[in-house]
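For reference, the structure discussed in these notes is given below.
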Amino acid sequence: MELRQFQEELEEKMLGQYATKSINTKGRQREEEKCDIRTDFQRDRDRIIHCKSFRRMKHKTQVFISPEGDHYRTRLTHTLEVSQIARSIARALRLNEDLTEAIALGHDLGHTPFGHAGERKLDALCKDSGGFAHNEQSLRVVERLEKDGRGLNLTWEVRDGILNHRTSGSPATLEGKIVQLSDKIAYTNHDIDDAIRAGMLRPRDIPREIVARIGTRSSSRINAMVRDTIQNSMDINDIRMSEEMRTTLKDLRAFMFKHVYASDIAVAEHKKAEKIIGDLFDYYLEYPEEMSSEFQVLLEDGDPVRQVVCDYIACMTDRFAVAKYKELFIPQEWTVL
């Protein structure tokens with residue numbers, strides 16, 4: 001028996017009635033021979049981990065732009081924390097952990113440099129052509145941008161989870177819903193941790209009523225939210241928190257938006273980031289031939305110039321964007337010999 005078939009039979013025996021079985025996938029955009037070792041969802045996970053966009057996330061902002069310390073989260077470490085939380089919930093609920101992991105690892109592949117400041121700026125720049133949203137860009141990464149325009153050819157279920165991971169989305173699978181909730185659990189809690197490390201918050205600043213419900217440490221807060229989700233989602237065709245925990249998470253997010261995400265310190269740095277994004281966008285719109293070769297392929301295939309420039313900017317890491325800005329707009333020092 002092929003190892004893949006063994007894995008598929010194991011899913012049939014071990015997973016719950018509401019789990020998405022890999023053997024029942026709606027398939028890929030392009031037909032291809034199945035792997036004899038891995039299930040389709042395991043194969044998708046591996047493709048995401050080995051793609052260039054995944055590696056670039058290590059130099060993309062999570063919240064703090066270009067932090068000096070080694071211990072601040074990046075878009076990559078955020079993704080790994082989402083994956084860990086989501087897998088724990090999926091395993092406890094006997095849902096498909098491989099599908100959950102693949103969605104979690106791919107959900108932020110399309111995020112811009114400089115975090116949500118970069119996303120807002122690209123959205124404004126692309127307003128007349130449909131705007132920009134990182135979840136839609138993540139889908140474009142796996143469907144079009146990777147592999148020199150061929151994409152990763154992922155299964156429908158993984159692509160659906162990636163597209164619908166934002167609050168406004170409606171994932172078709174419970175595994176996708178787990179990632180959607182785990183994303184919020186992860187960033188709300190680890191952003192508090194980073195804000196305290198940066199000196200923007202003190203532990204005693206967190207509202208007392210929230211501390212009373214879920215504790216003072218990041219680990220206790222995450223543990224409380226994960227446990228609550230598991231307890232309230234057991235043996236039902238949905239992923240949900242208790243009303244009290246849902247309110248707690250909402251209050252915690254509101255606290256972070258007020259005191260961290262929209263703080264004067266953050267806004268000042270965001271303006272600088274938006275300036276870089278805007279100037280780079282205008283430059284490459286005028287000189288698209290200066291983009292790298294993989295984006296020239298898209299232009300040759302007929303993709304609109306504005307879309308490809310957006311793709312190019314969105315794919316940049318923070319430090320690559322800064323380096324390009326310096327190269328294009330800052331006079332270089334020179335020495336007369």
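Quick note on naming: the chains in the structure tokens go A, B, ... in the order shown, residues restart at 1 in each chain, and ligands are numbered from 1 in order of appearance.
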
Counting only C-alpha atoms, what is within 10 Å of Lys177 in chain A, bar same-chain residues fewer than 2 positions away, as an mmCIF file with all heavy atoms, in the first residue's frame?
```cif
data_model
loop_
_atom_site.group_PDB
_atom_site.id
_atom_site.type_symbol
_atom_site.label_atom_id
_atom_site.label_comp_id
_atom_site.auth_asym_id
_atom_site.auth_seq_id
_atom_site.Cartn_x
_atom_site.Cartn_y
_atom_site.Cartn_z
ATOM 1 N N ALA A 86 -3.389 27.046 16.037
ATOM 2 C CA ALA A 86 -4.413 26.418 15.206
ATOM 3 C C ALA A 86 -4.303 24.896 15.222
ATOM 4 O O ALA A 86 -5.311 24.180 15.300
ATOM 5 C CB ALA A 86 -4.306 26.944 13.772
ATOM 6 N N THR A 100 -5.226 22.440 8.416
ATOM 7 C CA THR A 100 -5.137 23.609 9.290
ATOM 8 C C THR A 100 -3.754 24.237 9.211
ATOM 9 O O THR A 100 -3.613 25.467 9.083
ATOM 10 C CB THR A 100 -5.426 23.210 10.753
ATOM 11 O OG1 THR A 100 -6.706 22.565 10.822
ATOM 12 C CG2 THR A 100 -5.421 24.414 11.671
ATOM 13 N N GLY A 161 -9.195 28.777 2.630
ATOM 14 C CA GLY A 161 -8.819 29.198 3.973
ATOM 15 C C GLY A 161 -7.918 30.414 3.972
ATOM 16 O O GLY A 161 -8.050 31.305 4.825
ATOM 17 N N ASN A 164 -10.042 33.554 3.062
ATOM 18 C CA ASN A 164 -11.090 33.924 4.021
ATOM 19 C C ASN A 164 -10.626 34.009 5.468
ATOM 20 O O ASN A 164 -11.459 33.950 6.376
ATOM 21 C CB ASN A 164 -12.250 32.928 3.915
ATOM 22 C CG ASN A 164 -13.039 33.091 2.633
ATOM 23 O OD1 ASN A 164 -13.739 34.077 2.444
ATOM 24 N ND2 ASN A 164 -12.913 32.112 1.739
ATOM 25 N N HIS A 165 -9.326 34.219 5.697
ATOM 26 C CA HIS A 165 -8.859 34.205 7.084
ATOM 27 C C HIS A 165 -9.141 35.502 7.838
ATOM 28 O O HIS A 165 -9.069 35.540 9.066
ATOM 29 C CB HIS A 165 -7.356 33.885 7.143
ATOM 30 C CG HIS A 165 -6.466 35.045 6.810
ATOM 31 N ND1 HIS A 165 -6.020 35.310 5.529
ATOM 32 C CD2 HIS A 165 -5.922 36.020 7.584
ATOM 33 C CE1 HIS A 165 -5.256 36.372 5.534
ATOM 34 N NE2 HIS A 165 -5.176 36.843 6.771
ATOM 35 N N ARG A 166 -9.474 36.566 7.142
ATOM 36 C CA ARG A 166 -9.764 37.835 7.818
ATOM 37 C C ARG A 166 -11.133 37.772 8.499
ATOM 38 O O ARG A 166 -11.961 36.909 8.202
ATOM 39 C CB ARG A 166 -9.716 39.006 6.844
ATOM 40 C CG ARG A 166 -8.349 39.208 6.222
ATOM 41 C CD ARG A 166 -8.310 40.402 5.305
ATOM 42 N NE ARG A 166 -8.251 41.665 6.041
ATOM 43 C CZ ARG A 166 -8.092 42.845 5.464
ATOM 44 N NH1 ARG A 166 -7.970 42.932 4.148
ATOM 45 N NH2 ARG A 166 -8.045 43.941 6.180
ATOM 46 N N THR A 167 -11.392 38.707 9.396
ATOM 47 C CA THR A 167 -12.643 38.725 10.156
ATOM 48 C C THR A 167 -13.855 38.726 9.248
ATOM 49 O O THR A 167 -14.871 38.082 9.543
ATOM 50 C CB THR A 167 -12.680 39.959 11.073
ATOM 51 O OG1 THR A 167 -11.546 39.937 11.940
ATOM 52 C CG2 THR A 167 -13.945 39.979 11.917
ATOM 53 N N GLY A 169 -14.146 37.375 6.403
ATOM 54 C CA GLY A 169 -14.222 36.170 5.579
ATOM 55 C C GLY A 169 -15.134 35.107 6.162
ATOM 56 O O GLY A 169 -15.503 35.143 7.342
ATOM 57 N N SER A 170 -15.489 34.151 5.326
ATOM 58 C CA SER A 170 -16.339 33.040 5.759
ATOM 59 C C SER A 170 -15.752 31.733 5.226
ATOM 60 O O SER A 170 -16.161 31.235 4.169
ATOM 61 C CB SER A 170 -17.767 33.235 5.240
ATOM 62 O OG SER A 170 -18.614 32.174 5.664
ATOM 63 N N PRO A 171 -14.774 31.166 5.943
ATOM 64 C CA PRO A 171 -14.127 29.932 5.470
ATOM 65 C C PRO A 171 -15.129 28.792 5.295
ATOM 66 O O PRO A 171 -16.074 28.654 6.080
ATOM 67 C CB PRO A 171 -13.125 29.619 6.595
ATOM 68 C CG PRO A 171 -12.914 30.922 7.298
ATOM 69 C CD PRO A 171 -14.219 31.634 7.224
ATOM 70 N N ALA A 172 -14.910 27.981 4.270
ATOM 71 C CA ALA A 172 -15.823 26.879 3.970
ATOM 72 C C ALA A 172 -15.578 25.662 4.845
ATOM 73 O O ALA A 172 -16.433 24.780 4.925
ATOM 74 C CB ALA A 172 -15.695 26.503 2.498
ATOM 75 N N THR A 173 -14.410 25.584 5.491
ATOM 76 C CA THR A 173 -14.076 24.431 6.328
ATOM 77 C C THR A 173 -13.881 24.862 7.770
ATOM 78 O O THR A 173 -13.550 26.026 8.049
ATOM 79 C CB THR A 173 -12.784 23.755 5.840
ATOM 80 O OG1 THR A 173 -11.684 24.665 6.019
ATOM 81 C CG2 THR A 173 -12.880 23.368 4.366
ATOM 82 N N LEU A 174 -14.065 23.927 8.686
ATOM 83 C CA LEU A 174 -13.795 24.223 10.101
ATOM 84 C C LEU A 174 -12.318 24.507 10.313
ATOM 85 O O LEU A 174 -11.949 25.308 11.173
ATOM 86 C CB LEU A 174 -14.246 23.060 10.990
ATOM 87 C CG LEU A 174 -15.751 22.787 11.051
ATOM 88 C CD1 LEU A 174 -16.054 21.765 12.136
ATOM 89 C CD2 LEU A 174 -16.544 24.064 11.297
ATOM 90 N N GLU A 175 -11.479 23.851 9.528
ATOM 91 C CA GLU A 175 -10.045 24.094 9.634
ATOM 92 C C GLU A 175 -9.714 25.551 9.283
ATOM 93 O O GLU A 175 -8.877 26.192 9.922
ATOM 94 C CB GLU A 175 -9.285 23.130 8.725
ATOM 95 C CG GLU A 175 -9.325 21.678 9.165
ATOM 96 C CD GLU A 175 -10.588 20.911 8.778
ATOM 97 O OE1 GLU A 175 -11.480 21.517 8.131
ATOM 98 O OE2 GLU A 175 -10.689 19.721 9.106
ATOM 99 N N VAL A 179 -8.112 28.691 11.776
ATOM 100 C CA VAL A 179 -7.027 29.622 11.453
ATOM 101 C C VAL A 179 -7.507 31.063 11.598
ATOM 102 O O VAL A 179 -6.782 31.927 12.113
ATOM 103 C CB VAL A 179 -6.484 29.364 10.035
ATOM 104 C CG1 VAL A 179 -5.467 30.436 9.641
ATOM 105 C CG2 VAL A 179 -5.848 27.981 9.955
ATOM 106 N N GLN A 180 -8.702 31.344 11.145
ATOM 107 C CA GLN A 180 -9.264 32.692 11.248
ATOM 108 C C GLN A 180 -9.256 33.176 12.704
ATOM 109 O O GLN A 180 -8.858 34.309 12.993
ATOM 110 C CB GLN A 180 -10.693 32.690 10.694
ATOM 111 C CG GLN A 180 -11.362 34.049 10.658
ATOM 112 C CD GLN A 180 -12.800 33.934 10.154
ATOM 113 O OE1 GLN A 180 -13.592 33.131 10.678
ATOM 114 N NE2 GLN A 180 -13.134 34.727 9.151
ATOM 115 N N LEU A 181 -9.676 32.327 13.625
ATOM 116 C CA LEU A 181 -9.705 32.693 15.040
ATOM 117 C C LEU A 181 -8.305 32.677 15.647
ATOM 118 O O LEU A 181 -7.953 33.563 16.444
ATOM 119 C CB LEU A 181 -10.618 31.735 15.807
ATOM 120 C CG LEU A 181 -10.778 31.990 17.303
ATOM 121 C CD1 LEU A 181 -11.261 33.411 17.582
ATOM 122 C CD2 LEU A 181 -11.745 30.976 17.922
ATOM 123 N N SER A 182 -7.490 31.710 15.273
ATOM 124 C CA SER A 182 -6.139 31.598 15.822
ATOM 125 C C SER A 182 -5.278 32.799 15.459
ATOM 126 O O SER A 182 -4.401 33.206 16.228
ATOM 127 C CB SER A 182 -5.465 30.310 15.331
ATOM 128 O OG SER A 182 -6.167 29.172 15.768
ATOM 129 N N ASP A 183 -5.512 33.375 14.277
ATOM 130 C CA ASP A 183 -4.798 34.579 13.855
ATOM 131 C C ASP A 183 -5.029 35.706 14.857
ATOM 132 O O ASP A 183 -4.093 36.386 15.295
ATOM 133 C CB ASP A 183 -5.279 34.974 12.460
ATOM 134 C CG ASP A 183 -4.486 36.121 11.847
ATOM 135 O OD1 ASP A 183 -3.285 36.250 12.164
ATOM 136 O OD2 ASP A 183 -5.062 36.872 11.040
ATOM 137 N N ASP A 238 -19.019 23.894 13.987
ATOM 138 C CA ASP A 238 -18.660 25.308 14.047
ATOM 139 C C ASP A 238 -17.441 25.471 14.943
ATOM 140 O O ASP A 238 -17.097 24.574 15.725
ATOM 141 C CB ASP A 238 -19.824 26.131 14.609
ATOM 142 C CG ASP A 238 -19.693 27.619 14.300
ATOM 143 O OD1 ASP A 238 -18.787 27.995 13.516
ATOM 144 O OD2 ASP A 238 -20.494 28.414 14.835
ATOM 145 N N ILE A 239 -16.776 26.618 14.826
ATOM 146 C CA ILE A 239 -15.669 26.975 15.705
ATOM 147 C C ILE A 239 -16.083 28.248 16.413
ATOM 148 O O ILE A 239 -16.321 29.285 15.763
ATOM 149 C CB ILE A 239 -14.355 27.206 14.923
ATOM 150 C CG1 ILE A 239 -13.976 25.948 14.139
ATOM 151 C CG2 ILE A 239 -13.229 27.604 15.875
ATOM 152 C CD1 ILE A 239 -13.731 24.709 14.980
ATOM 153 N N ARG A 240 -16.189 28.198 17.731
ATOM 154 C CA ARG A 240 -16.691 29.356 18.463
ATOM 155 C C ARG A 240 -16.085 29.447 19.853
ATOM 156 O O ARG A 240 -15.596 28.465 20.410
ATOM 157 C CB ARG A 240 -18.212 29.288 18.581
ATOM 158 C CG ARG A 240 -18.712 28.071 19.342
ATOM 159 C CD ARG A 240 -20.220 28.061 19.516
ATOM 160 N NE ARG A 240 -20.921 27.962 18.259
ATOM 161 C CZ ARG A 240 -22.204 27.595 18.161
ATOM 162 N NH1 ARG A 240 -22.890 27.294 19.252
ATOM 163 N NH2 ARG A 240 -22.785 27.525 16.977
#
```

Worksheet item: Near range 248-257 of chain A, within 12 Å and counting only C-alpha atoms, which residues show up once chain neighbours fewer than 3 positions away are dropped, as a count of residues only?
Response: 50

Item to complete: Could you pull out the residues in range 218-299 of chain A that DSSP calls helix (DSSP H, G or I) from the backbone, as number ranges by chain?
Response: A: 218-233, 243-261, 264-286, 288-290, 293-299

Worksheet item: Residues at most 7 Å from Glu101 in chain A, counting only C-alpha atoms, excluding those fewer than 5 positions away in the same chain, as a list of chain:residue names?
Response: A:Arg45, A:Ser83, A:Arg87

Keeping only N, CA, C and O atoms, write the selected residues as a PDB file, in the first residue's frame.
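Printed below is selection31.pdb as written:
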```pdb
ATOM      1  N   ARG A  45       1.162  21.954   2.391  1.00  0.00           N
ATOM      2  CA  ARG A  45       1.957  22.516   3.489  1.00  0.00           C
ATOM      3  C   ARG A  45       3.429  22.608   3.093  1.00  0.00           C
ATOM      4  O   ARG A  45       4.073  23.630   3.293  1.00  0.00           O
ATOM      5  N   SER A  83       0.126  29.032  13.458  1.00  0.00           N
ATOM      6  CA  SER A  83       0.116  27.613  13.118  1.00  0.00           C
ATOM      7  C   SER A  83       0.074  26.733  14.361  1.00  0.00           C
ATOM      8  O   SER A  83      -0.688  25.762  14.436  1.00  0.00           O
ATOM      9  N   ARG A  87      -3.081  24.391  15.164  1.00  0.00           N
ATOM     10  CA  ARG A  87      -2.890  22.938  15.196  1.00  0.00           C
ATOM     11  C   ARG A  87      -3.349  22.349  16.516  1.00  0.00           C
ATOM     12  O   ARG A  87      -3.932  21.249  16.555  1.00  0.00           O
TER      13      ARG A  87
END
```

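For the set A:Asn24, A:Gln17, A:Asn237, A:Gln307, the residue with the smallest atom-to-atom gap to Arg140 in chain A is A:Gln307, counting only C-alpha atoms.
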
Would you list the contacts of Asp36 in chain A as a PDB file with N, CA, C and O atoms, in the first residue's frame, taking every protein, DNA or RNA residue within 12 Å and counting only C-alpha atoms, but skipping same-chain residues closer than 4 positions in sequence?
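New file out11.pdb:
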```pdb
ATOM      1  N   MET A   1       0.833  -1.191   0.000  1.00  0.00           N
ATOM      2  CA  MET A   1       0.000   0.000   0.000  1.00  0.00           C
ATOM      3  C   MET A   1       0.873   1.248   0.000  1.00  0.00           C
ATOM      4  O   MET A   1       1.855   1.330   0.722  1.00  0.00           O
ATOM      5  N   GLU A   2       0.495   2.229  -0.824  1.00  0.00           N
ATOM      6  CA  GLU A   2       1.207   3.493  -0.810  1.00  0.00           C
ATOM      7  C   GLU A   2       1.032   4.172   0.542  1.00  0.00           C
ATOM      8  O   GLU A   2      -0.018   4.053   1.186  1.00  0.00           O
ATOM      9  N   LEU A   3       2.064   4.879   0.971  1.00  0.00           N
ATOM     10  CA  LEU A   3       1.997   5.574   2.246  1.00  0.00           C
ATOM     11  C   LEU A   3       0.878   6.615   2.260  1.00  0.00           C
ATOM     12  O   LEU A   3       0.257   6.848   3.299  1.00  0.00           O
ATOM     13  N   ARG A   4       0.624   7.250   1.111  1.00  0.00           N
ATOM     14  CA  ARG A   4      -0.465   8.221   1.073  1.00  0.00           C
ATOM     15  C   ARG A   4      -1.806   7.566   1.365  1.00  0.00           C
ATOM     16  O   ARG A   4      -2.618   8.104   2.130  1.00  0.00           O
ATOM     17  N   GLN A   5      -2.038   6.408   0.798  1.00  0.00           N
ATOM     18  CA  GLN A   5      -3.298   5.718   1.044  1.00  0.00           C
ATOM     19  C   GLN A   5      -3.432   5.338   2.512  1.00  0.00           C
ATOM     20  O   GLN A   5      -4.528   5.401   3.092  1.00  0.00           O
ATOM     21  N   PHE A   6      -2.328   4.940   3.113  1.00  0.00           N
ATOM     22  CA  PHE A   6      -2.344   4.633   4.550  1.00  0.00           C
ATOM     23  C   PHE A   6      -2.746   5.870   5.355  1.00  0.00           C
ATOM     24  O   PHE A   6      -3.555   5.791   6.282  1.00  0.00           O
ATOM     25  N   GLN A   7      -2.169   7.029   4.989  1.00  0.00           N
ATOM     26  CA  GLN A   7      -2.502   8.278   5.676  1.00  0.00           C
ATOM     27  C   GLN A   7      -3.976   8.618   5.500  1.00  0.00           C
ATOM     28  O   GLN A   7      -4.647   9.071   6.441  1.00  0.00           O
ATOM     29  N   GLU A   8      -4.501   8.410   4.304  1.00  0.00           N
ATOM     30  CA  GLU A   8      -5.911   8.716   4.040  1.00  0.00           C
ATOM     31  C   GLU A   8      -6.831   7.788   4.836  1.00  0.00           C
ATOM     32  O   GLU A   8      -7.865   8.229   5.364  1.00  0.00           O
ATOM     33  N   ASP A  40      -2.790  15.192  -0.025  1.00  0.00           N
ATOM     34  CA  ASP A  40      -2.800  16.458  -0.760  1.00  0.00           C
ATOM     35  C   ASP A  40      -2.547  17.642   0.158  1.00  0.00           C
ATOM     36  O   ASP A  40      -1.850  18.600  -0.222  1.00  0.00           O
ATOM     37  N   GLN A  42      -0.911  17.639   3.071  1.00  0.00           N
ATOM     38  CA  GLN A  42       0.483  17.604   3.509  1.00  0.00           C
ATOM     39  C   GLN A  42       1.400  18.150   2.416  1.00  0.00           C
ATOM     40  O   GLN A  42       2.366  18.862   2.696  1.00  0.00           O
ATOM     41  N   ARG A  43       1.075  17.828   1.196  1.00  0.00           N
ATOM     42  CA  ARG A  43       1.861  18.312   0.064  1.00  0.00           C
ATOM     43  C   ARG A  43       1.751  19.838  -0.060  1.00  0.00           C
ATOM     44  O   ARG A  43       2.736  20.521  -0.331  1.00  0.00           O
TER      45      ARG A  43
END
```

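Of the listed residues (A:Glu146, A:Asn135, A:Asp318, A:Arg47), A:Asn135 comes nearest to Ser168 in chain A; the distances count only C-alpha atoms.
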
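Residues in contact with Tyr287 in chain A at 12 Å, where only C-alpha atoms are counted and same-chain residues fewer than 2 positions away are skipped, are listed as Leu280, Phe281, Asp282, Tyr283, Tyr284, Leu285, Glu289, Glu290, Met291, Ser292, Gln296, Val305, Arg306, Val308, Val309 and Leu328 of chain A.
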
Fill in: Closest of A:Thr247, A:Thr79, A:Ser219, A:Gln84 to Glu97 in chain A - atom-to-atom distances counting only C-alpha atoms
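The closest residue to Glu97 in chain A is A:Gln84.
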